[in-house]
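A.B. asks: This is query.txt (compact mmCIF, C-alpha atoms).
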```
# COMPACT_ATOMS: atom_id res chain seq x y z
CA MET A 157 94.57 63.41 48.09
CA ILE A 158 96.42 65.41 50.75
CA ARG A 159 100.00 64.89 51.96
CA SER A 160 99.15 62.61 54.87
CA GLU A 161 97.23 60.27 52.54
CA ILE A 162 100.27 60.06 50.26
CA LEU A 163 102.51 59.34 53.26
CA LYS A 164 100.17 56.56 54.44
CA GLU A 165 100.24 55.02 50.98
CA ILE A 166 104.03 55.13 50.56
CA ALA A 167 104.86 54.20 54.19
CA PRO A 168 105.56 50.53 53.25
CA ILE A 169 108.09 51.74 50.64
CA LEU A 170 109.72 54.25 53.00
CA ARG A 171 110.02 51.79 55.90
CA ASP A 172 113.17 50.07 54.62
CA GLN A 173 114.89 53.21 53.31
CA LEU A 174 116.77 56.17 54.75
CA VAL A 175 114.30 59.05 54.80
CA VAL A 176 115.01 62.73 55.43
CA CYS A 177 111.72 64.46 56.18
CA ASN A 178 110.87 68.12 55.92
CA ILE A 179 110.22 70.38 58.92
CA GLY A 180 106.83 70.83 60.53
CA ILE A 181 103.65 68.92 59.78
CA PRO A 182 105.23 66.56 57.18
CA SER A 183 107.59 65.19 59.86
CA GLN A 184 104.76 65.06 62.41
CA GLU A 185 102.61 63.11 59.96
CA LEU A 186 105.35 60.65 59.01
CA HIS A 187 106.27 60.18 62.68
CA ALA A 188 102.66 59.41 63.59
CA ILE A 189 102.01 57.16 60.57
CA ASP A 190 105.15 55.01 60.78
CA ASP A 191 108.00 56.11 63.04
CA GLN A 192 111.27 54.40 62.09
CA PRO A 193 114.87 54.88 63.27
CA SER A 194 115.71 55.29 59.57
CA ASN A 195 113.64 58.51 59.48
CA PHE A 196 115.49 61.77 60.08
CA TYR A 197 112.92 64.33 61.22
CA MET A 198 113.73 67.98 60.79
CA LEU A 199 112.50 69.94 63.78
CA GLY A 200 113.72 73.28 62.48
CA THR A 201 115.66 74.89 59.63
CA MET A 202 113.11 75.23 56.86
CA GLY A 203 114.36 74.44 53.38
CA LEU A 204 117.34 72.21 54.05
CA ALA A 205 115.85 68.69 53.77
CA SER A 206 116.97 68.33 50.15
CA SER A 207 120.50 69.49 51.04
CA ILE A 208 120.83 67.20 54.07
CA GLY A 209 119.63 64.28 51.94
CA LEU A 210 122.07 65.09 49.15
CA GLY A 211 125.02 65.27 51.56
CA LEU A 212 123.93 61.92 52.97
CA ALA A 213 123.50 60.31 49.54
CA LEU A 214 126.92 61.50 48.40
CA SER A 215 128.60 60.12 51.53
CA GLN A 216 127.33 56.54 51.71
CA PRO A 217 125.84 53.98 49.30
CA LYS A 218 122.30 53.35 50.62
CA PRO A 219 119.31 54.93 48.86
CA VAL A 220 118.11 58.19 50.40
CA ILE A 221 114.56 59.47 49.99
CA VAL A 222 113.93 63.11 50.85
CA ILE A 223 110.34 64.11 51.54
CA ASP A 224 110.20 67.81 50.83
CA GLY A 225 107.52 70.37 50.07
CA ASP A 226 107.02 73.00 47.40
CA GLY A 227 107.34 75.79 49.97
CA SER A 228 110.63 74.42 51.32
CA ILE A 229 112.10 73.99 47.84
CA LEU A 230 111.16 77.60 47.08
CA THR A 231 112.94 78.64 50.29
CA ASN A 232 116.17 76.94 49.14
CA LEU A 233 115.98 77.13 45.34
CA GLY A 234 119.77 77.02 45.06
CA THR A 235 119.48 73.36 45.99
CA LEU A 236 118.28 72.36 42.50
CA PRO A 237 121.49 73.30 40.62
CA THR A 238 123.59 71.73 43.39
CA ILE A 239 121.61 68.49 43.09
CA ALA A 240 121.81 68.53 39.29
CA ASN A 241 125.57 69.07 39.21
CA ASN A 242 126.45 66.54 41.91
CA VAL A 243 124.71 63.41 40.71
CA ALA A 244 124.04 60.76 43.33
CA ASP A 245 122.10 57.84 41.87
CA ASN A 246 121.01 56.78 45.36
CA TYR A 247 119.14 60.09 45.80
CA ILE A 248 115.41 60.56 45.37
CA LEU A 249 113.84 63.94 46.07
CA LEU A 250 110.08 63.64 46.52
CA ILE A 251 108.53 67.10 46.46
CA VAL A 252 104.99 66.89 47.81
CA ASP A 253 103.63 69.87 45.93
CA ASN A 254 100.34 70.94 47.47
CA GLY A 255 100.73 74.57 46.39
CA SER A 256 100.70 75.82 49.95
CA TYR A 257 102.74 76.45 53.08
CA GLY A 258 100.99 73.71 55.03
CA SER A 259 102.66 74.11 58.41
CA THR A 260 101.91 77.81 58.69
CA GLY A 261 98.25 77.91 57.75
CA ASP A 262 98.05 76.82 54.10
CA GLN A 263 99.03 80.16 52.58
CA PRO A 264 99.43 79.70 48.80
CA THR A 265 102.92 79.23 47.33
CA TYR A 266 103.97 80.35 43.85
CA ALA A 267 104.32 76.65 42.95
CA GLY A 268 100.53 76.48 43.09
CA GLN A 269 100.29 79.44 40.73
CA LYS A 270 102.52 80.15 37.70
CA THR A 271 105.70 78.41 38.84
CA SER A 272 106.48 74.81 37.84
CA LEU A 273 109.00 73.11 40.14
CA SER A 274 109.45 70.20 37.72
CA LYS A 275 110.40 72.61 34.94
CA MET A 276 112.73 74.46 37.33
CA ALA A 277 114.39 71.16 38.26
CA GLU A 278 114.83 70.35 34.57
CA ALA A 279 116.20 73.81 33.86
CA ALA A 280 118.65 73.35 36.74
CA GLY A 281 119.98 70.29 34.94
CA CYS A 282 118.29 67.43 36.78
CA GLU A 283 118.04 64.58 34.30
CA ARG A 284 115.24 62.41 35.69
CA VAL A 285 112.34 64.60 36.73
CA ILE A 286 108.86 63.13 37.02
CA GLU A 287 105.72 65.10 37.79
CA CYS A 288 102.83 62.91 38.82
CA ALA A 289 99.38 62.98 40.35
CA ALA A 290 99.22 62.27 44.07
CA GLU A 291 97.56 58.90 43.41
CA ASP A 292 100.57 57.72 41.38
CA THR A 293 103.24 58.67 43.94
CA GLY A 294 103.79 55.14 45.28
CA ARG A 295 104.31 53.66 41.83
CA VAL A 296 106.61 56.49 40.70
CA LEU A 297 108.64 56.27 43.92
CA GLN A 298 109.08 52.50 43.60
CA GLU A 299 110.12 52.91 39.97
CA ALA A 300 112.68 55.52 41.01
CA LEU A 301 114.16 53.13 43.59
CA ASP A 302 114.27 50.35 40.98
CA ALA A 303 115.83 52.67 38.37
CA ASN A 304 118.85 53.34 40.62
CA GLN A 305 119.10 56.78 39.06
CA MET A 306 118.86 60.18 40.74
CA THR A 307 115.22 61.22 40.49
CA ILE A 308 113.21 64.30 41.33
CA ILE A 309 109.51 63.58 41.81
CA VAL A 310 106.98 66.38 41.96
CA SER A 311 103.76 64.93 43.33
CA LYS A 312 100.84 67.30 42.77
CA CYS A 313 98.33 66.97 45.59
CA GLU A 314 95.69 68.93 47.46
CA SER A 315 96.41 71.33 50.27
CA GLY A 316 95.62 70.18 53.79
CA ASN A 317 97.07 68.68 56.95
CA ALA A 318 96.23 65.77 59.23
CA LYS A 319 96.06 66.61 62.94
CA MET A 320 99.13 65.00 64.47
CA PRO A 321 101.00 65.70 67.71
CA PRO A 322 104.38 67.50 67.68
CA ILE A 323 107.49 65.32 67.84
CA THR A 324 108.86 65.40 71.38
CA MET A 325 111.84 63.12 70.78
CA ASP A 326 115.16 64.79 71.57
CA PRO A 327 116.98 65.88 68.39
CA VAL A 328 120.18 64.13 69.44
CA VAL A 329 118.19 60.90 69.86
CA ILE A 330 116.66 61.32 66.39
CA ARG A 331 120.11 61.92 64.94
CA ASP A 332 121.82 59.10 66.88
CA ARG A 333 119.34 56.38 65.98
CA PHE A 334 119.32 57.63 62.38
CA MET A 335 123.13 57.37 62.18
CA LYS A 336 122.93 53.82 63.55
CA ALA A 337 120.39 52.99 60.82
CA VAL A 338 122.78 54.47 58.24
CA GLN A 339 125.58 52.26 59.51
CA ALA A 340 123.45 49.10 59.94
CA MET B 94 154.78 79.15 54.31
CA ASP B 95 152.17 78.04 51.81
CA ILE B 96 149.02 78.65 53.86
CA ASP B 97 146.70 77.09 51.29
CA LYS B 98 148.68 73.86 51.34
CA LYS B 99 148.98 73.81 55.13
CA ILE B 100 145.19 74.23 55.53
CA THR B 101 144.44 71.56 52.93
CA ASP B 102 146.97 69.15 54.43
CA ASP B 103 145.51 69.64 57.91
CA LEU B 104 142.00 68.95 56.63
CA VAL B 105 143.16 65.74 54.94
CA ALA B 106 145.23 64.68 57.98
CA ASN B 107 142.09 65.06 60.13
CA ASP B 108 140.06 62.90 57.74
CA VAL B 109 137.92 65.81 56.53
CA SER B 110 136.69 64.43 53.22
CA PHE B 111 133.58 66.50 52.39
CA VAL B 112 134.05 70.24 51.95
CA THR B 113 131.49 72.75 50.74
CA THR B 114 132.51 76.24 49.73
CA VAL B 115 131.06 79.63 48.95
CA PRO B 116 133.88 81.62 47.42
CA CYS B 117 135.86 84.63 48.59
CA LYS B 118 138.92 86.09 46.89
CA GLN B 119 141.02 85.43 49.99
CA LEU B 120 139.96 81.78 49.94
CA ALA B 121 140.46 81.25 46.20
CA GLY B 122 143.80 79.48 46.63
CA VAL B 123 142.64 77.08 49.31
CA ILE B 124 139.42 76.32 47.43
CA GLU B 125 141.42 75.51 44.31
CA MET B 126 143.72 73.23 46.27
CA ILE B 127 140.83 71.45 47.98
CA ASP B 128 139.18 70.92 44.61
CA ALA B 129 142.34 69.29 43.29
CA ARG B 130 142.78 66.83 46.20
CA ASP B 131 141.49 63.30 45.63
CA GLU B 132 140.94 62.76 49.36
CA ILE B 133 138.32 65.53 49.51
CA PHE B 134 134.93 65.65 47.83
CA HIS B 135 134.43 69.33 47.03
CA ILE B 136 130.85 70.51 46.54
CA PRO B 137 130.33 74.22 45.93
CA SER B 138 127.05 75.48 47.42
CA ASN B 139 124.96 78.44 46.35
CA LYS B 140 124.32 79.73 49.85
CA GLU B 141 125.96 78.95 53.16
CA ASP B 142 122.87 77.55 54.89
CA GLU B 143 122.48 75.13 52.00
CA GLY B 144 126.13 74.21 52.51
CA MET B 145 125.54 73.50 56.20
CA GLY B 146 122.66 71.19 55.24
CA LEU B 147 125.00 69.30 52.91
CA CYS B 148 127.57 69.04 55.72
CA ALA B 149 124.96 67.76 58.20
CA GLY B 150 123.98 65.01 55.76
CA ALA B 151 127.58 64.10 54.98
CA TRP B 152 128.39 63.77 58.66
CA MET B 153 125.40 61.50 59.26
CA GLY B 154 126.61 59.50 56.27
CA GLY B 155 129.95 58.91 57.96
CA LYS B 156 132.15 61.64 56.48
CA ARG B 157 133.84 64.50 58.30
CA PRO B 158 132.65 67.77 56.73
CA ALA B 159 133.86 71.35 56.68
CA ILE B 160 132.49 74.60 55.26
CA ILE B 161 134.51 77.44 53.79
CA MET B 162 132.76 80.79 53.58
CA GLN B 163 132.87 84.54 54.28
CA ASN B 164 131.99 86.09 57.63
CA THR B 165 129.06 87.87 55.98
CA ALA B 166 127.45 84.42 55.96
CA ILE B 167 127.18 84.40 59.74
CA GLY B 168 124.23 86.68 59.07
CA VAL B 169 122.77 84.08 56.70
CA THR B 170 123.29 80.98 58.81
CA ILE B 171 122.32 81.81 62.41
CA ASN B 172 119.08 79.83 62.23
CA THR B 173 120.82 76.84 60.63
CA LEU B 174 123.60 76.91 63.22
CA ALA B 175 121.10 77.03 66.10
CA THR B 176 118.38 74.65 64.88
CA LEU B 177 120.38 72.13 62.85
CA ILE B 178 124.09 72.01 63.68
CA GLN B 179 123.82 72.83 67.39
CA TYR B 180 120.36 71.36 68.09
CA TYR B 181 121.30 67.93 66.68
CA ARG B 182 124.85 68.30 68.07
CA MET B 183 126.96 68.02 64.94
CA PRO B 184 130.61 68.96 64.36
CA LEU B 185 131.30 71.63 61.75
CA PRO B 186 134.61 73.37 61.23
CA MET B 187 133.92 76.72 59.57
CA LEU B 188 136.93 78.23 57.83
CA ILE B 189 135.86 81.82 57.43
CA SER B 190 137.32 84.66 55.42
CA TYR B 191 137.11 87.52 57.93
CA ARG B 192 136.39 90.43 55.63
CA GLY B 193 136.22 93.97 56.96
CA GLU B 194 139.27 93.71 59.22
CA LEU B 195 142.68 95.43 58.96
CA ARG B 196 143.90 95.87 55.34
CA GLU B 197 140.32 95.61 54.02
CA PRO B 198 139.74 97.86 50.97
CA ILE B 199 135.90 97.69 50.83
CA ALA B 200 134.11 99.79 53.47
CA CYS B 201 130.85 97.85 53.39
CA GLN B 202 132.66 94.70 54.55
CA VAL B 203 133.34 96.41 57.88
CA GLU B 204 129.60 96.55 58.58
CA MET B 205 129.40 92.76 59.09
CA ALA B 206 132.92 92.52 60.52
CA VAL B 207 131.87 94.54 63.57
CA HIS B 208 129.07 92.06 64.28
CA THR B 209 130.93 88.86 63.49
CA LYS B 210 132.53 88.05 66.85
CA ALA B 211 129.51 89.27 68.81
CA LEU B 212 127.18 86.98 66.86
CA LEU B 213 129.51 84.00 67.27
CA ALA B 214 129.80 84.73 70.99
CA GLN B 215 126.03 85.03 71.32
CA LEU B 216 125.74 81.58 69.72
CA ASN B 217 128.40 80.13 72.08
CA ILE B 218 130.45 79.09 69.08
CA PRO B 219 134.14 78.51 69.89
CA THR B 220 135.97 81.10 67.78
CA TYR B 221 139.63 81.40 66.73
CA HIS B 222 141.06 84.41 64.92
CA PHE B 223 144.03 83.90 62.58
CA HIS B 224 145.77 87.27 62.21
CA HIS B 225 149.40 86.26 61.64
CA GLN B 226 150.53 83.50 59.30
CA SER B 227 151.96 81.51 62.19
CA ASP B 228 148.44 81.28 63.71
CA VAL B 229 147.69 78.56 61.16
CA GLU B 230 149.80 76.22 63.30
CA GLU B 231 146.75 75.85 65.55
CA LEU B 232 144.46 74.57 62.80
CA ASP B 233 145.28 70.91 63.39
CA ALA B 234 144.38 71.22 67.07
CA ILE B 235 141.21 73.18 66.26
CA LEU B 236 140.01 70.47 63.88
CA LYS B 237 140.65 67.78 66.50
CA TYR B 238 138.79 69.90 69.07
CA THR B 239 135.81 70.33 66.71
CA PHE B 240 135.35 66.61 66.13
CA MET B 241 135.95 65.89 69.83
CA CYS B 242 133.12 68.16 71.03
CA ASN B 243 130.65 67.90 68.08
CA LYS B 244 130.13 71.64 67.81
CA PRO B 245 130.37 74.22 65.08
CA VAL B 246 133.70 76.00 65.46
CA ALA B 247 134.66 79.24 63.70
CA ILE B 248 138.14 79.99 62.35
CA LEU B 249 138.25 83.64 61.30
CA THR B 250 141.06 84.37 58.86
CA ASP B 251 141.63 88.07 58.19
CA ALA B 252 143.39 89.95 55.38
CA ASN B 253 146.59 90.29 57.39
CA PHE B 254 146.72 86.51 57.74
CA TRP B 255 146.35 86.12 53.98
CA GLY B 256 148.96 88.81 53.29
CA GLY B 257 146.61 91.69 52.52
CA TYR B 258 143.35 91.53 50.62
CA GLY B 259 144.07 91.42 46.92
CA ASP B 260 147.81 91.89 47.56
CA GLN B 261 148.61 88.20 47.38
```
For the structure just supplied, provide its representation as structure tokens.
C.D. replies:
Amino acid sequence: MIRSEILKEIAPILRDQLVVCNIGIPSQELHAIDDQPSNFYMLGTMGLASSIGLGLALSQPKPVIVIDGDGSILTNLGTLPTIANNVADNYILLIVDNGSYGSTGDQPTYAGQKTSLSKMAEAAGCERVIECAAEDTGRVLQEALDANQMTIIVSKCESGNAKMPPITMDPVVIRDRFMKAVQA
Amino acid sequence: MDIDKKITDDLVANDVSFVTTVPCKQLAGVIEMIDARDEIFHIPSNKEDEGMGLCAGAWMGGKRPAIIMQNTAIGVTINTLATLIQYYRMPLPMLISYRGELREPIACQVEMAVHTKALLAQLNIPTYHFHHQSDVEELDAILKYTFMCNKPVAILTDANFWGGYGDQ
């Protein structure tokens, strides 16, 4: 399975939740598969999806699902200790780990080689860390929502991208409708 | 005047309730005071761009954020300021220890100090420079201005303002 197939499968779960989605092709794929006002698409700033989602989860009570990638987590590795030490039980970090920088031409990441992001999350102090096969992502994500406990999911999948158009929505519109969904 | 208390009180009075910090010796007192205040959730970050991500999320979650950092971090956060905070039009007061100015003991700090205002100007970031203790009187108005216009705003606080680096 590749990322877009995972996103298609979990779209019914994501639809009713606040979602912060990683820069580049992941956001383009989610936008094309199931655009929702409750999706915050990152158009720039690689690496910060997990941080934006954590700030959001710590500031209001609704569940927050962050769709991140292995490359973006590697870009902002300091995020893991911050997440671990500031527990928000409404926070789920889903790392779609395809072992590659998908948006820039599928160059390999270290997460696809010797480095284990789930072990790094555990070493950072995250208490509920689940590594799963791509096929099990929907079940693991639903269980994380039901558990009402901060969860880091590392979903191991294949490298590859679906061809989707860029997001042309104005960033202030994305942000404004997202904030209305937060307040709804 | 207790500058640390004045800054913390102004943050609280302006409903700033989510503060992320990357430490500096000059800021140690204010960071400690912020950490002790029940009205403020204090979340230390490991790097300033990470901290700005946290602030962006907190603001979308309904809280007024602020970041406390050194001016060296302007070099770290230009992309985040341009493509997250400014692009999505978000307010962010940045209380910045302005290292490398008068009464600075470490020469290397001057190397980023000479770029600090130029970089902020290039980014069209409203910038205030606190050099004398009495300059802190403007903080309340600066915070109101920041949340009025939804922009990142820089408050540079130099060693003279803090009473000399390491002399406090």
A.B. asks: Could you list, as number ranges by chain, the residues of chain B having an atom within 6 Å of chain A when counting all atoms listed in the file?
C.D. replies: B: 139, 146-147, 149-151, 153-154, 173, 176, 181
A.B. asks: So which residues touch Ala234 (chain B) within 12 Å, counting only C-alpha atoms, skipping near sequence neighbours fewer than 2 positions away, as number ranges by chain?
C.D. replies: B: 100, 103-104, 106-107, 186, 221, 228-232, 236-241, 246, 248
A.B. asks: Excluding Ile96 (chain B) and residues on its chain fewer than 2 positions from it, collect all residues at most 12 Å away from it, counting all atoms listed in the file, and give them as an MDAnalysis selection string.
C.D. replies: chainID B and resid 94 98:103 119:124 126 223 225:230 232 250 254:256 261
A.B. asks: So what do you get for CA of His187 (chain A) versus CA of Ile323 (chain A), distance-wise?
C.D. replies: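 Atom-to-atom, CA of His187 (chain A) to CA of Ile323 (chain A), that is 7.4 Å.
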A.B. asks: Can you tell me how far CA of Trp152 (chain B) sits from CA of Met187 (chain B), in Å to one decimal?
C.D. replies: 14.1 Å
A.B. asks: Have a look at CA of Gln263 (chain A) and CA of Ile181 (chain A) and let me know their distance in Å, one decimal.
C.D. replies: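 Separation of CA of Gln263 (chain A) and CA of Ile181 (chain A): 14.1 Å.
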A.B. asks: List as number ranges by chain the protein and nucleic acid residues near region 277-290 of chain A, meaning an atom at most 7 Å away when only C-alpha atoms are counted, but skip any in the same chain fewer than 5 places from it.
C.D. replies: A: 157, 162, 236-237, 240, 306-313
A.B. asks: I need the residues from that last selection saved to file as a JSON list (two decimals), in the coordinates of the input (with C-alpha atoms), if you can.
C.D. replies:
```json
[["chain", "number", "residue", "atom", "x", "y", "z"],
["A", 157, "MET", "CA", 94.57, 63.41, 48.09],
["A", 162, "ILE", "CA", 100.27, 60.06, 50.26],
["A", 236, "LEU", "CA", 118.28, 72.36, 42.50],
["A", 237, "PRO", "CA", 121.49, 73.30, 40.62],
["A", 240, "ALA", "CA", 121.81, 68.53, 39.29],
["A", 306, "MET", "CA", 118.86, 60.18, 40.74],
["A", 307, "THR", "CA", 115.22, 61.22, 40.49],
["A", 308, "ILE", "CA", 113.21, 64.30, 41.33],
["A", 309, "ILE", "CA", 109.51, 63.58, 41.81],
["A", 310, "VAL", "CA", 106.98, 66.38, 41.96],
["A", 311, "SER", "CA", 103.76, 64.93, 43.33],
["A", 312, "LYS", "CA", 100.84, 67.30, 42.77],
["A", 313, "CYS", "CA", 98.33, 66.97, 45.59]]
```
A.B. asks: Please list as an NGL selection string every residue within 9 Å of Leu230 (chain A), counting only C-alpha atoms and excluding residues in the same chain fewer than 5 positions away.
C.D. replies: :A and (203 or 225 or 265-267 or 273)
A.B. asks: Smallest atom-to-atom distance to Asp253 (chain A): which of A:Glu165, A:Glu314, A:Asp190, A:Glu185, using all atoms listed in the file?
C.D. replies: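 Between A:Glu165, A:Glu314, A:Asp190, A:Glu185, the residue approaching Asp253 (chain A) most closely is A:Glu314.
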A.B. asks: Kindly provide, as a ChimeraX atom specification, the polymer residues lying within 10 Å of (137.9, 63.9, 48.8), counting all atoms listed in the file and using the coordinates exactly as they appear in the file.
C.D. replies: /B:105,108-112,127-136,156
A.B. asks: Taking (95.0, 73.1, 47.8) in the file's coordinates as the center, which residues reach within 7 Å of it, counting only C-alpha atoms, put as a PyMOL selection string?
C.D. replies: chain A and resi 254-256+314-316
A.B. asks: Would you fill out region 258-282 of chain A with N, CA and C atoms and return it as an mmCIF file, in the frame of the given file?
C.D. replies:
```
data_model
loop_
_atom_site.group_PDB
_atom_site.id
_atom_site.type_symbol
_atom_site.label_atom_id
_atom_site.label_comp_id
_atom_site.auth_asym_id
_atom_site.auth_seq_id
_atom_site.Cartn_x
_atom_site.Cartn_y
_atom_site.Cartn_z
ATOM 1 N N GLY A 258 101.924 74.457 54.190
ATOM 2 C CA GLY A 258 100.990 73.710 55.030
ATOM 3 C C GLY A 258 101.173 73.941 56.521
ATOM 4 N N SER A 259 102.418 74.055 56.966
ATOM 5 C CA SER A 259 102.660 74.110 58.410
ATOM 6 C C SER A 259 102.316 75.466 59.014
ATOM 7 N N THR A 260 102.113 76.463 58.167
ATOM 8 C CA THR A 260 101.910 77.810 58.690
ATOM 9 C C THR A 260 100.503 78.340 58.429
ATOM 10 N N GLY A 261 99.619 77.463 57.948
ATOM 11 C CA GLY A 261 98.250 77.910 57.750
ATOM 12 C C GLY A 261 97.784 77.868 56.300
ATOM 13 N N ASP A 262 98.477 77.063 55.499
ATOM 14 C CA ASP A 262 98.050 76.820 54.100
ATOM 15 C C ASP A 262 98.000 78.088 53.247
ATOM 16 N N GLN A 263 98.922 79.014 53.500
ATOM 17 C CA GLN A 263 99.030 80.160 52.580
ATOM 18 C C GLN A 263 99.523 79.655 51.229
ATOM 19 N N PRO A 264 99.022 80.212 50.119
ATOM 20 C CA PRO A 264 99.430 79.700 48.800
ATOM 21 C C PRO A 264 100.904 79.979 48.502
ATOM 22 N N THR A 265 101.556 79.005 47.825
ATOM 23 C CA THR A 265 102.920 79.230 47.330
ATOM 24 C C THR A 265 102.836 79.567 45.843
ATOM 25 N N TYR A 266 103.927 80.075 45.289
ATOM 26 C CA TYR A 266 103.970 80.350 43.850
ATOM 27 C C TYR A 266 103.953 79.063 43.037
ATOM 28 N N ALA A 267 104.346 77.931 43.673
ATOM 29 C CA ALA A 267 104.320 76.650 42.950
ATOM 30 C C ALA A 267 102.887 76.244 42.617
ATOM 31 N N GLY A 268 101.942 76.761 43.371
ATOM 32 C CA GLY A 268 100.530 76.480 43.090
ATOM 33 C C GLY A 268 99.939 77.488 42.118
ATOM 34 N N GLN A 269 100.774 78.413 41.658
ATOM 35 C CA GLN A 269 100.290 79.440 40.730
ATOM 36 C C GLN A 269 101.023 79.285 39.390
ATOM 37 N N LYS A 270 101.895 80.234 39.028
ATOM 38 C CA LYS A 270 102.520 80.150 37.700
ATOM 39 C C LYS A 270 103.770 79.280 37.650
ATOM 40 N N THR A 271 104.363 79.013 38.815
ATOM 41 C CA THR A 271 105.700 78.410 38.840
ATOM 42 C C THR A 271 105.637 76.883 38.820
ATOM 43 N N SER A 272 106.410 76.272 37.927
ATOM 44 C CA SER A 272 106.480 74.810 37.840
ATOM 45 C C SER A 272 107.812 74.336 38.412
ATOM 46 N N LEU A 273 107.756 73.600 39.532
ATOM 47 C CA LEU A 273 109.000 73.110 40.140
ATOM 48 C C LEU A 273 109.644 72.027 39.287
ATOM 49 N N SER A 274 108.836 71.243 38.565
ATOM 50 C CA SER A 274 109.450 70.200 37.720
ATOM 51 C C SER A 274 110.224 70.850 36.581
ATOM 52 N N LYS A 275 109.671 71.915 36.013
ATOM 53 C CA LYS A 275 110.400 72.610 34.940
ATOM 54 C C LYS A 275 111.645 73.306 35.498
ATOM 55 N N MET A 276 111.551 73.836 36.719
ATOM 56 C CA MET A 276 112.730 74.460 37.330
ATOM 57 C C MET A 276 113.813 73.415 37.578
ATOM 58 N N ALA A 277 113.408 72.230 38.027
ATOM 59 C CA ALA A 277 114.390 71.160 38.260
ATOM 60 C C ALA A 277 115.061 70.776 36.942
ATOM 61 N N GLU A 278 114.266 70.681 35.899
ATOM 62 C CA GLU A 278 114.830 70.350 34.570
ATOM 63 C C GLU A 278 115.776 71.450 34.104
ATOM 64 N N ALA A 279 115.351 72.691 34.282
ATOM 65 C CA ALA A 279 116.200 73.810 33.860
ATOM 66 C C ALA A 279 117.495 73.864 34.666
ATOM 67 N N ALA A 280 117.440 73.380 35.904
ATOM 68 C CA ALA A 280 118.650 73.350 36.740
ATOM 69 C C ALA A 280 119.620 72.278 36.267
ATOM 70 N N GLY A 281 119.107 71.342 35.474
ATOM 71 C CA GLY A 281 119.980 70.290 34.940
ATOM 72 C C GLY A 281 119.697 68.904 35.473
ATOM 73 N N CYS A 282 118.652 68.766 36.280
ATOM 74 C CA CYS A 282 118.290 67.430 36.780
ATOM 75 C C CYS A 282 117.787 66.588 35.605
#
```
